[in-house]
Amino acid sequence: MTIDLNFAGKRILVTGTDQPIGAAAAAAFLDHGATVAVHGAAVVGASLLTGSLYSAESCQALVQTALDGLGGLDILVNAADYRGDKPFEQVTPEDWDKALDGSFTASLFCTQYALPALQASKGNIVNITSSYGQMGGPDGSSAYAAASASIVNMTRMQALRFGAEGVRSNCLCAGPIEGSTAAEATELPPIGRYGTAQDMVGSILFMASEHASFMTGAIIVNDGGRYSGA
């Protein structure tokens with residue numbers, strides 16, 4: 001069997017392109033023929049959307065702008081991410097709001113408002129978060145890890161709720177990326193190096209592709225072996 005990751009004709013929205021993984025994913029979809037809108041930072045060849053993702057209302061406005069420009073939606077990639085490290089006992093309500101809104105709130109409401117278009121196209125969702133959502137992280141990452149875990153279980157609930165309607169939802173739990181705050185806070189994973197954004201791209205493209213047509217509710221951990229117990 002030939003694995004052909006062809007996204008020609010697919011309409012894709014990628015949030016979080018101000019982060020390396022989101023930017024790399026958007027560029028890869030473009031390279032494989034998709035029409036792409038992005039939020040976060042400009043990606044050559046994609047339409048850049050502006051505005052905040054820190055409330056339901058702003059997510060609704062963003063998604064509507066994307067739908068108007070793309071003419072519908074086949075794939076939503078939620079890669080928006082916020083991390084602010086503080087020891088557990090020092091986390092303030094403001095810290096918690098930022099940790100939750102910067103990733104979980106954005107993913108939840110972007111998906112909610114994109115859902116009618118995804119139902120119409122029998123499309124799919126790829127949620128991107130940290131492997132901290134599976135096993136916790138270093139001291140100071142409690143709020144971030146909790147938000148990441150919320151995205152993991154939201155993915156499972158989306159799969160249970162919308163699978164029968166032909167909408168798939170899967171999640172990538174990424175390990176520490178070279179040059180990121182997460183990498184600075186952790187030791188090298190068992191594979192002996194930090195990851196790169198390009199290391200994550202293959203997993204994202206596969207989950208979004210027709211080759212994963214029977215996959216929904218899956219949590220793919222791509223973290224250099226850290227989840228194995230390191």
# chains A, B, ... in the order shown; residues from 1 in each chain; ligands from 1

call {"tool": "residues_around", "arguments": {"residues": "region 72-74 of chain A", "least_positions_apart": "5", "cutoff": "7 Å", "atoms": "only C-alpha atoms", "output": "ChimeraX atom specification"}}
result
/A:10-12,67,117-118,121,123-124

call {"tool": "closest_atom_pairs", "arguments": {"of": "region 66-111 of chain A", "to": "region 126-130 of chain A", "cutoff": "12 Å", "atoms": "only C-alpha atoms", "output": "tab-separated table"}}
result
residue	atom	partner	partner_atom	distance
A:Asp74	CA	A:Val126	CA	11.2
A:Ile75	CA	A:Val126	CA	7.7
A:Leu76	CA	A:Val126	CA	6.3
A:Val77	CA	A:Val126	CA	4.8
A:Asn78	CA	A:Asn127	CA	4.8
A:Ala79	CA	A:Ile128	CA	5.0
A:Ala80	CA	A:Ile128	CA	7.9
A:Asp81	CA	A:Thr129	CA	7.5
A:Tyr82	CA	A:Thr129	CA	10.0
A:Arg83	CA	A:Ser130	CA	10.3
A:Gly102	CA	A:Thr129	CA	11.3
A:Ser103	CA	A:Thr129	CA	8.0
A:Phe104	CA	A:Thr129	CA	9.1
A:Ala106	CA	A:Asn127	CA	10.6
A:Ser107	CA	A:Asn127	CA	7.2
A:Leu108	CA	A:Asn127	CA	9.6
A:Cys110	CA	A:Asn127	CA	10.8
A:Thr111	CA	A:Asn127	CA	9.5

call {"tool": "select_by_dssp", "arguments": {"residues": "region 14-227 of chain A", "states": "helix (DSSP H, G or I)", "output": "PyMOL selection string"}}
result
chain A and resi 20-31+56-70+88-90+93-121+132-135+142-165+181-185+197-208+210-212+226-227

call {"tool": "residues_around", "arguments": {"residues": "region 144-148 of chain A", "least_positions_apart": "4", "cutoff": "12 Å", "atoms": "only C-alpha atoms", "output": "PDB file with N, CA and C atoms, in the first residue's frame"}}
result
ATOM      1  N   ALA A  79      -3.800  24.021  17.854  1.00  0.00           N
ATOM      2  CA  ALA A  79      -2.435  23.999  18.375  1.00  0.00           C
ATOM      3  C   ALA A  79      -2.137  25.193  19.265  1.00  0.00           C
ATOM      4  N   ALA A  80      -3.157  26.003  19.561  1.00  0.00           N
ATOM      5  CA  ALA A  80      -2.939  27.155  20.443  1.00  0.00           C
ATOM      6  C   ALA A  80      -2.459  26.667  21.806  1.00  0.00           C
ATOM      7  N   ASP A  81      -1.506  27.382  22.384  1.00  0.00           N
ATOM      8  CA  ASP A  81      -0.849  26.876  23.590  1.00  0.00           C
ATOM      9  C   ASP A  81      -0.356  28.049  24.432  1.00  0.00           C
ATOM     10  N   TYR A  82      -0.509  27.899  25.735  1.00  0.00           N
ATOM     11  CA  TYR A  82       0.046  28.894  26.656  1.00  0.00           C
ATOM     12  C   TYR A  82       0.661  28.159  27.829  1.00  0.00           C
ATOM     13  N   ARG A  83       1.867  28.568  28.197  1.00  0.00           N
ATOM     14  CA  ARG A  83       2.511  27.966  29.350  1.00  0.00           C
ATOM     15  C   ARG A  83       3.120  29.060  30.220  1.00  0.00           C
ATOM     16  N   GLY A  84       2.783  29.038  31.500  1.00  0.00           N
ATOM     17  CA  GLY A  84       3.363  29.964  32.474  1.00  0.00           C
ATOM     18  C   GLY A  84       3.680  29.190  33.729  1.00  0.00           C
ATOM     19  N   ASP A  85       4.934  28.894  33.964  1.00  0.00           N
ATOM     20  CA  ASP A  85       5.330  28.021  35.065  1.00  0.00           C
ATOM     21  C   ASP A  85       5.327  28.736  36.413  1.00  0.00           C
ATOM     22  N   LYS A  86       4.693  28.101  37.386  1.00  0.00           N
ATOM     23  CA  LYS A  86       4.715  28.556  38.773  1.00  0.00           C
ATOM     24  C   LYS A  86       4.522  27.343  39.669  1.00  0.00           C
ATOM     25  N   PRO A  87       5.167  27.310  40.824  1.00  0.00           N
ATOM     26  CA  PRO A  87       4.886  26.236  41.768  1.00  0.00           C
ATOM     27  C   PRO A  87       3.398  26.195  42.107  1.00  0.00           C
ATOM     28  N   PHE A  88       2.898  25.017  42.388  1.00  0.00           N
ATOM     29  CA  PHE A  88       1.469  24.820  42.616  1.00  0.00           C
ATOM     30  C   PHE A  88       0.896  25.809  43.624  1.00  0.00           C
ATOM     31  N   VAL A  91       0.155  29.430  42.289  1.00  0.00           N
ATOM     32  CA  VAL A  91      -0.735  29.676  41.156  1.00  0.00           C
ATOM     33  C   VAL A  91      -1.897  30.579  41.584  1.00  0.00           C
ATOM     34  N   ASP A  95      -3.332  33.234  36.812  1.00  0.00           N
ATOM     35  CA  ASP A  95      -2.470  32.223  36.185  1.00  0.00           C
ATOM     36  C   ASP A  95      -3.306  31.069  35.638  1.00  0.00           C
ATOM     37  N   TRP A  96      -4.269  30.643  36.445  1.00  0.00           N
ATOM     38  CA  TRP A  96      -5.108  29.517  36.043  1.00  0.00           C
ATOM     39  C   TRP A  96      -5.942  29.871  34.817  1.00  0.00           C
ATOM     40  N   ASP A  97      -6.513  31.070  34.812  1.00  0.00           N
ATOM     41  CA  ASP A  97      -7.303  31.497  33.664  1.00  0.00           C
ATOM     42  C   ASP A  97      -6.461  31.516  32.396  1.00  0.00           C
ATOM     43  N   LYS A  98      -5.237  32.009  32.501  1.00  0.00           N
ATOM     44  CA  LYS A  98      -4.360  32.064  31.329  1.00  0.00           C
ATOM     45  C   LYS A  98      -4.006  30.669  30.837  1.00  0.00           C
ATOM     46  N   ALA A  99      -3.689  29.772  31.776  1.00  0.00           N
ATOM     47  CA  ALA A  99      -3.323  28.404  31.394  1.00  0.00           C
ATOM     48  C   ALA A  99      -4.485  27.698  30.722  1.00  0.00           C
ATOM     49  N   LEU A 100      -5.674  27.891  31.266  1.00  0.00           N
ATOM     50  CA  LEU A 100      -6.849  27.215  30.727  1.00  0.00           C
ATOM     51  C   LEU A 100      -7.291  27.851  29.410  1.00  0.00           C
ATOM     52  N   ASP A 101      -7.406  29.178  29.398  1.00  0.00           N
ATOM     53  CA  ASP A 101      -7.920  29.860  28.208  1.00  0.00           C
ATOM     54  C   ASP A 101      -6.967  29.764  27.031  1.00  0.00           C
ATOM     55  N   GLY A 102      -5.641  29.780  27.314  1.00  0.00           N
ATOM     56  CA  GLY A 102      -4.664  29.803  26.235  1.00  0.00           C
ATOM     57  C   GLY A 102      -4.569  28.516  25.450  1.00  0.00           C
ATOM     58  N   SER A 103      -5.133  27.432  25.976  1.00  0.00           N
ATOM     59  CA  SER A 103      -5.083  26.165  25.251  1.00  0.00           C
ATOM     60  C   SER A 103      -6.433  25.469  25.257  1.00  0.00           C
ATOM     61  N   PHE A 104      -6.937  25.119  26.436  1.00  0.00           N
ATOM     62  CA  PHE A 104      -8.173  24.346  26.518  1.00  0.00           C
ATOM     63  C   PHE A 104      -9.390  25.125  26.027  1.00  0.00           C
ATOM     64  N   THR A 105      -9.584  26.344  26.532  1.00  0.00           N
ATOM     65  CA  THR A 105     -10.732  27.143  26.102  1.00  0.00           C
ATOM     66  C   THR A 105     -10.710  27.366  24.597  1.00  0.00           C
ATOM     67  N   ALA A 106      -9.541  27.706  24.066  1.00  0.00           N
ATOM     68  CA  ALA A 106      -9.418  27.937  22.625  1.00  0.00           C
ATOM     69  C   ALA A 106      -9.784  26.686  21.837  1.00  0.00           C
ATOM     70  N   SER A 107      -9.279  25.527  22.273  1.00  0.00           N
ATOM     71  CA  SER A 107      -9.560  24.276  21.558  1.00  0.00           C
ATOM     72  C   SER A 107     -11.039  23.916  21.637  1.00  0.00           C
ATOM     73  N   LEU A 108     -11.626  24.063  22.825  1.00  0.00           N
ATOM     74  CA  LEU A 108     -13.024  23.698  23.019  1.00  0.00           C
ATOM     75  C   LEU A 108     -13.942  24.549  22.144  1.00  0.00           C
ATOM     76  N   ASN A 127      -6.283  17.769  17.930  1.00  0.00           N
ATOM     77  CA  ASN A 127      -5.923  18.586  19.082  1.00  0.00           C
ATOM     78  C   ASN A 127      -4.470  18.328  19.439  1.00  0.00           C
ATOM     79  N   ILE A 128      -3.722  19.396  19.654  1.00  0.00           N
ATOM     80  CA  ILE A 128      -2.300  19.264  19.985  1.00  0.00           C
ATOM     81  C   ILE A 128      -2.064  19.810  21.376  1.00  0.00           C
ATOM     82  N   THR A 129      -1.441  18.995  22.204  1.00  0.00           N
ATOM     83  CA  THR A 129      -1.127  19.420  23.556  1.00  0.00           C
ATOM     84  C   THR A 129       0.187  18.782  23.980  1.00  0.00           C
ATOM     85  N   SER A 130       0.470  18.837  25.275  1.00  0.00           N
ATOM     86  CA  SER A 130       1.742  18.340  25.799  1.00  0.00           C
ATOM     87  C   SER A 130       1.587  16.947  26.391  1.00  0.00           C
ATOM     88  N   SER A 131       2.675  16.188  26.386  1.00  0.00           N
ATOM     89  CA  SER A 131       2.667  14.890  27.064  1.00  0.00           C
ATOM     90  C   SER A 131       2.492  15.056  28.569  1.00  0.00           C
ATOM     91  N   TYR A 132       2.632  16.291  29.063  1.00  0.00           N
ATOM     92  CA  TYR A 132       2.341  16.547  30.483  1.00  0.00           C
ATOM     93  C   TYR A 132       0.887  16.223  30.814  1.00  0.00           C
ATOM     94  N   GLY A 133       0.035  16.250  29.829  1.00  0.00           N
ATOM     95  CA  GLY A 133      -1.361  15.912  30.049  1.00  0.00           C
ATOM     96  C   GLY A 133      -1.592  14.436  30.271  1.00  0.00           C
ATOM     97  N   GLN A 134      -0.567  13.630  30.055  1.00  0.00           N
ATOM     98  CA  GLN A 134      -0.655  12.194  30.264  1.00  0.00           C
ATOM     99  C   GLN A 134       0.017  11.740  31.559  1.00  0.00           C
ATOM    100  N   MET A 135       1.101  12.417  31.935  1.00  0.00           N
ATOM    101  CA  MET A 135       1.839  11.927  33.089  1.00  0.00           C
ATOM    102  C   MET A 135       2.371  13.031  33.996  1.00  0.00           C
ATOM    103  N   GLY A 136       1.929  14.245  33.810  1.00  0.00           N
ATOM    104  CA  GLY A 136       2.452  15.335  34.622  1.00  0.00           C
ATOM    105  C   GLY A 136       3.791  15.816  34.103  1.00  0.00           C
ATOM    106  N   GLY A 137       4.280  16.882  34.719  1.00  0.00           N
ATOM    107  CA  GLY A 137       5.534  17.475  34.268  1.00  0.00           C
ATOM    108  C   GLY A 137       6.377  17.923  35.427  1.00  0.00           C
ATOM    109  N   PRO A 138       7.393  18.718  35.155  1.00  0.00           N
ATOM    110  CA  PRO A 138       8.293  19.179  36.206  1.00  0.00           C
ATOM    111  C   PRO A 138       7.612  20.171  37.143  1.00  0.00           C
ATOM    112  N   ASP A 139       8.241  20.435  38.257  1.00  0.00           N
ATOM    113  CA  ASP A 139       7.703  21.386  39.225  1.00  0.00           C
ATOM    114  C   ASP A 139       7.439  22.718  38.541  1.00  0.00           C
ATOM    115  N   GLY A 140       6.262  23.267  38.789  1.00  0.00           N
ATOM    116  CA  GLY A 140       5.904  24.539  38.174  1.00  0.00           C
ATOM    117  C   GLY A 140       4.943  24.413  37.017  1.00  0.00           C
ATOM    118  N   VAL A 152      -6.784  16.298  26.443  1.00  0.00           N
ATOM    119  CA  VAL A 152      -6.748  14.858  26.178  1.00  0.00           C
ATOM    120  C   VAL A 152      -8.147  14.255  26.339  1.00  0.00           C
ATOM    121  N   ASN A 153      -8.778  14.521  27.467  1.00  0.00           N
ATOM    122  CA  ASN A 153     -10.089  13.911  27.707  1.00  0.00           C
ATOM    123  C   ASN A 153     -11.195  14.572  26.902  1.00  0.00           C
ATOM    124  N   MET A 154     -11.049  15.841  26.551  1.00  0.00           N
ATOM    125  CA  MET A 154     -11.997  16.457  25.643  1.00  0.00           C
ATOM    126  C   MET A 154     -11.970  15.740  24.289  1.00  0.00           C
ATOM    127  N   THR A 155     -10.786  15.364  23.837  1.00  0.00           N
ATOM    128  CA  THR A 155     -10.660  14.631  22.575  1.00  0.00           C
ATOM    129  C   THR A 155     -11.445  13.334  22.627  1.00  0.00           C
ATOM    130  N   CYS A 171      -5.745  13.278  19.166  1.00  0.00           N
ATOM    131  CA  CYS A 171      -4.892  14.193  19.922  1.00  0.00           C
ATOM    132  C   CYS A 171      -3.429  13.785  19.828  1.00  0.00           C
ATOM    133  N   LEU A 172      -2.581  14.755  19.616  1.00  0.00           N
ATOM    134  CA  LEU A 172      -1.132  14.569  19.688  1.00  0.00           C
ATOM    135  C   LEU A 172      -0.626  15.148  20.995  1.00  0.00           C
ATOM    136  N   CYS A 173       0.030  14.312  21.794  1.00  0.00           N
ATOM    137  CA  CYS A 173       0.706  14.765  23.008  1.00  0.00           C
ATOM    138  C   CYS A 173       2.196  14.853  22.703  1.00  0.00           C
ATOM    139  N   ALA A 174       2.671  16.062  22.548  1.00  0.00           N
ATOM    140  CA  ALA A 174       4.052  16.282  22.116  1.00  0.00           C
ATOM    141  C   ALA A 174       5.002  16.343  23.302  1.00  0.00           C
ATOM    142  N   THR A 181      10.398  26.242  26.373  1.00  0.00           N
ATOM    143  CA  THR A 181      10.435  26.254  27.827  1.00  0.00           C
ATOM    144  C   THR A 181      10.374  24.846  28.378  1.00  0.00           C
ATOM    145  N   ALA A 182       9.571  23.986  27.744  1.00  0.00           N
ATOM    146  CA  ALA A 182       9.442  22.606  28.209  1.00  0.00           C
ATOM    147  C   ALA A 182      10.774  21.877  28.141  1.00  0.00           C
ATOM    148  N   ILE A 219      -5.016   8.945  21.347  1.00  0.00           N
ATOM    149  CA  ILE A 219      -4.055   9.872  21.941  1.00  0.00           C
ATOM    150  C   ILE A 219      -2.672   9.380  21.551  1.00  0.00           C
TER     151      ILE A 219
END

call {"tool": "closest_residue", "arguments": {"among": "A:Gly192, A:Ile220, A:Leu5, A:Phe109", "to": "Ala56 (chain A)", "atoms": "only C-alpha atoms"}}
result
A:Phe109

call {"tool": "closest_residue", "arguments": {"among": "A:Thr196, A:Asn6, A:Ser142, A:Ser58", "to": "Pro176 (chain A)", "atoms": "only C-alpha atoms"}}
result
A:Thr196

call {"tool": "atom_distance", "arguments": {"atom1": "CA of Lys122 (chain A)", "atom2": "CA of Phe162 (chain A)"}}
result
10.0 Å

call {"tool": "atom_distance", "arguments": {"atom1": "CA of Ser209 (chain A)", "atom2": "CA of Phe7 (chain A)"}}
result
7.6 Å

call {"tool": "atom_distance", "arguments": {"atom1": "CA of Ala8 (chain A)", "atom2": "CA of His32 (chain A)"}}
result
6.6 Å

call {"tool": "closest_residue", "arguments": {"among": "A:Asp223, A:Glu89, A:Asp18, A:Glu165", "to": "Ala42 (chain A)", "atoms": "only C-alpha atoms"}}
result
A:Asp18

call {"tool": "residues_around", "arguments": {"residues": "Met215 (chain A)", "least_positions_apart": "4", "cutoff": "10 Å", "atoms": "only C-alpha atoms", "output": "VMD selection string"}}
result
chain A and resid 159 163 168 to 170 207 to 208 210 to 211 219

call {"tool": "write_last_selection", "arguments": {"atoms": "C-alpha atoms", "output": "CSV table (one decimal), in the first residue's frame"}}
result
chain,number,residue,atom,x,y,z
A,159,ALA,CA,-14.8,11.1,19.6
A,163,GLY,CA,-18.0,9.6,15.7
A,168,ARG,CA,-13.2,12.2,13.9
A,169,SER,CA,-11.1,13.7,16.8
A,170,ASN,CA,-7.6,12.7,17.8
A,207,MET,CA,-4.2,11.7,12.0
A,208,ALA,CA,-5.8,14.3,9.6
A,210,GLU,CA,-7.8,9.4,5.1
A,211,HIS,CA,-5.3,6.8,6.2
A,219,ILE,CA,-4.1,9.9,21.9

call {"tool": "select_by_dssp", "arguments": {"residues": "region 23-99 of chain A", "states": "strand (DSSP E)", "output": "list in words"}}
result
Thr35, Val36, Ala37, Val38, His39, Ser47, Leu48, Leu49, Ile75, Leu76, Val77 and Asn78 of chain A

call {"tool": "write_last_selection", "arguments": {"atoms": "all heavy atoms", "output": "short mmCIF file (atom, residue, chain, number, x, y, z; two decimals), in the first residue's frame"}}
result
data_model
loop_
_atom_site.label_atom_id
_atom_site.label_comp_id
_atom_site.auth_asym_id
_atom_site.auth_seq_id
_atom_site.Cartn_x
_atom_site.Cartn_y
_atom_site.Cartn_z
N THR A 35 -5.67 24.22 1.25
CA THR A 35 -5.89 25.65 1.43
C THR A 35 -5.98 25.87 2.93
O THR A 35 -6.79 25.22 3.61
CB THR A 35 -7.19 26.10 0.75
OG1 THR A 35 -7.13 25.77 -0.64
CG2 THR A 35 -7.38 27.60 0.91
N VAL A 36 -5.16 26.78 3.46
CA VAL A 36 -4.97 26.86 4.91
C VAL A 36 -5.19 28.29 5.40
O VAL A 36 -4.69 29.26 4.81
CB VAL A 36 -3.56 26.39 5.31
CG1 VAL A 36 -3.38 26.45 6.82
CG2 VAL A 36 -3.31 24.97 4.81
N ALA A 37 -5.93 28.39 6.51
CA ALA A 37 -6.02 29.64 7.27
C ALA A 37 -5.36 29.39 8.62
O ALA A 37 -5.45 28.29 9.17
CB ALA A 37 -7.47 30.05 7.47
N VAL A 38 -4.68 30.41 9.14
CA VAL A 38 -3.93 30.23 10.39
C VAL A 38 -4.24 31.37 11.35
O VAL A 38 -4.64 32.47 10.96
CB VAL A 38 -2.41 30.17 10.14
CG1 VAL A 38 -2.06 29.00 9.23
CG2 VAL A 38 -1.88 31.49 9.58
N HIS A 39 -4.01 31.07 12.62
CA HIS A 39 -4.10 32.10 13.66
C HIS A 39 -2.89 31.96 14.56
O HIS A 39 -2.56 30.87 15.02
CB HIS A 39 -5.36 31.94 14.50
CG HIS A 39 -5.47 32.96 15.60
ND1 HIS A 39 -4.90 32.76 16.84
CD2 HIS A 39 -6.03 34.19 15.63
CE1 HIS A 39 -5.14 33.82 17.60
NE2 HIS A 39 -5.82 34.71 16.89
N SER A 47 -3.70 32.06 4.81
CA SER A 47 -4.40 33.29 5.19
C SER A 47 -4.27 33.48 6.70
O SER A 47 -4.61 32.58 7.47
CB SER A 47 -5.87 33.20 4.81
OG SER A 47 -6.03 33.02 3.42
N LEU A 48 -3.78 34.64 7.11
CA LEU A 48 -3.59 34.92 8.53
C LEU A 48 -4.83 35.59 9.10
O LEU A 48 -5.29 36.62 8.61
CB LEU A 48 -2.37 35.83 8.74
CG LEU A 48 -2.10 36.28 10.18
CD1 LEU A 48 -1.80 35.08 11.07
CD2 LEU A 48 -0.96 37.29 10.21
N LEU A 49 -5.38 35.00 10.17
CA LEU A 49 -6.53 35.54 10.87
C LEU A 49 -6.05 36.20 12.15
O LEU A 49 -5.13 35.70 12.81
CB LEU A 49 -7.53 34.43 11.21
CG LEU A 49 -7.95 33.54 10.04
CD1 LEU A 49 -8.90 32.46 10.52
CD2 LEU A 49 -8.59 34.37 8.93
N ILE A 75 -10.71 20.23 8.04
CA ILE A 75 -9.81 19.83 9.14
C ILE A 75 -9.57 21.03 10.03
O ILE A 75 -9.26 22.13 9.56
CB ILE A 75 -8.46 19.31 8.60
CG1 ILE A 75 -8.68 18.07 7.71
CG2 ILE A 75 -7.51 18.97 9.74
CD1 ILE A 75 -7.48 17.72 6.85
N LEU A 76 -9.69 20.80 11.34
CA LEU A 76 -9.36 21.81 12.34
C LEU A 76 -8.20 21.30 13.17
O LEU A 76 -8.28 20.21 13.76
CB LEU A 76 -10.56 22.09 13.25
CG LEU A 76 -10.29 22.97 14.47
CD1 LEU A 76 -9.87 24.38 14.06
CD2 LEU A 76 -11.52 23.02 15.37
N VAL A 77 -7.13 22.07 13.23
CA VAL A 77 -5.97 21.73 14.05
C VAL A 77 -5.87 22.75 15.17
O VAL A 77 -5.58 23.93 14.93
CB VAL A 77 -4.66 21.70 13.23
CG1 VAL A 77 -3.48 21.35 14.13
CG2 VAL A 77 -4.77 20.71 12.08
N ASN A 78 -6.13 22.30 16.38
CA ASN A 78 -6.05 23.17 17.55
C ASN A 78 -4.66 23.06 18.17
O ASN A 78 -4.37 22.12 18.91
CB ASN A 78 -7.11 22.75 18.59
CG ASN A 78 -8.52 23.06 18.15
OD1 ASN A 78 -8.83 24.18 17.77
ND2 ASN A 78 -9.40 22.06 18.19
#

call {"tool": "closest_residue", "arguments": {"among": "A:Gly51, A:Val63, A:Asp31, A:Gly179", "to": "Leu13 (chain A)", "atoms": "only C-alpha atoms"}}
result
A:Val63

call {"tool": "closest_residue", "arguments": {"among": "A:Ala212, A:Gly33, A:Ile191, A:Val201", "to": "Gly225 (chain A)", "atoms": "only C-alpha atoms"}}
result
A:Ile191

call {"tool": "residues_around", "arguments": {"residues": "Tyr194 (chain A)", "least_positions_apart": "6", "cutoff": "9 Å", "atoms": "only C-alpha atoms", "output": "list in words"}}
result
Gly175, Pro176, Ile177, Glu178, Gly179, Ala183, Glu187, Leu188, Asp223 and Gly224 of chain A

call {"tool": "closest_residue", "arguments": {"among": "A:Ile204, A:Arg193, A:Gln158, A:Glu94", "to": "Ala143 (chain A)", "atoms": "only C-alpha atoms"}}
result
A:Glu94

call {"tool": "decode", "arguments": {"residues": "region 93-100 of chain A", "atoms": "all heavy atoms", "output": "short mmCIF file (atom, residue, chain, number, x, y, z; two decimals), in the first residue's frame"}}
result
data_model
loop_
_atom_site.label_atom_id
_atom_site.label_comp_id
_atom_site.auth_asym_id
_atom_site.auth_seq_id
_atom_site.Cartn_x
_atom_site.Cartn_y
_atom_site.Cartn_z
N PRO A 93 -5.53 32.89 40.56
CA PRO A 93 -6.66 32.75 39.63
C PRO A 93 -6.33 33.26 38.23
O PRO A 93 -6.77 32.67 37.23
CB PRO A 93 -7.76 33.58 40.29
CG PRO A 93 -7.45 33.52 41.75
CD PRO A 93 -5.95 33.54 41.82
N GLU A 94 -5.55 34.31 38.15
CA GLU A 94 -5.16 34.85 36.84
C GLU A 94 -4.27 33.86 36.09
O GLU A 94 -4.42 33.69 34.87
CB GLU A 94 -4.44 36.18 37.02
CG GLU A 94 -5.31 37.32 37.52
CD GLU A 94 -5.63 37.24 39.01
OE1 GLU A 94 -4.90 36.52 39.74
OE2 GLU A 94 -6.60 37.89 39.45
N ASP A 95 -3.33 33.23 36.81
CA ASP A 95 -2.47 32.22 36.18
C ASP A 95 -3.31 31.07 35.64
O ASP A 95 -3.07 30.58 34.53
CB ASP A 95 -1.46 31.67 37.20
CG ASP A 95 -0.49 32.70 37.70
OD1 ASP A 95 -0.14 33.61 36.93
OD2 ASP A 95 -0.06 32.60 38.87
N TRP A 96 -4.27 30.64 36.45
CA TRP A 96 -5.11 29.52 36.04
C TRP A 96 -5.94 29.87 34.82
O TRP A 96 -6.06 29.08 33.88
CB TRP A 96 -6.02 29.11 37.20
CG TRP A 96 -7.02 28.05 36.83
CD1 TRP A 96 -8.36 28.16 36.85
CD2 TRP A 96 -6.73 26.72 36.38
NE1 TRP A 96 -8.95 26.98 36.43
CE2 TRP A 96 -7.97 26.09 36.13
CE3 TRP A 96 -5.56 26.02 36.12
CZ2 TRP A 96 -8.07 24.77 35.68
CZ3 TRP A 96 -5.65 24.70 35.67
CH2 TRP A 96 -6.89 24.10 35.45
N ASP A 97 -6.51 31.07 34.81
CA ASP A 97 -7.30 31.50 33.66
C ASP A 97 -6.46 31.52 32.40
O ASP A 97 -6.92 31.08 31.32
CB ASP A 97 -7.89 32.88 33.91
CG ASP A 97 -9.04 32.87 34.91
OD1 ASP A 97 -9.56 31.78 35.20
OD2 ASP A 97 -9.40 33.95 35.41
N LYS A 98 -5.24 32.01 32.50
CA LYS A 98 -4.36 32.06 31.33
C LYS A 98 -4.01 30.67 30.84
O LYS A 98 -4.00 30.39 29.63
CB LYS A 98 -3.09 32.85 31.66
CG LYS A 98 -3.29 34.35 31.76
CD LYS A 98 -1.97 35.05 32.04
CE LYS A 98 -2.15 36.56 32.13
NZ LYS A 98 -0.86 37.25 32.42
N ALA A 99 -3.69 29.77 31.78
CA ALA A 99 -3.32 28.40 31.39
C ALA A 99 -4.48 27.70 30.72
O ALA A 99 -4.31 26.98 29.71
CB ALA A 99 -2.86 27.62 32.63
N LEU A 100 -5.67 27.89 31.27
CA LEU A 100 -6.85 27.21 30.73
C LEU A 100 -7.29 27.85 29.41
O LEU A 100 -7.51 27.16 28.41
CB LEU A 100 -7.98 27.28 31.75
CG LEU A 100 -9.07 26.21 31.64
CD1 LEU A 100 -8.49 24.83 31.88
CD2 LEU A 100 -10.19 26.50 32.63
#
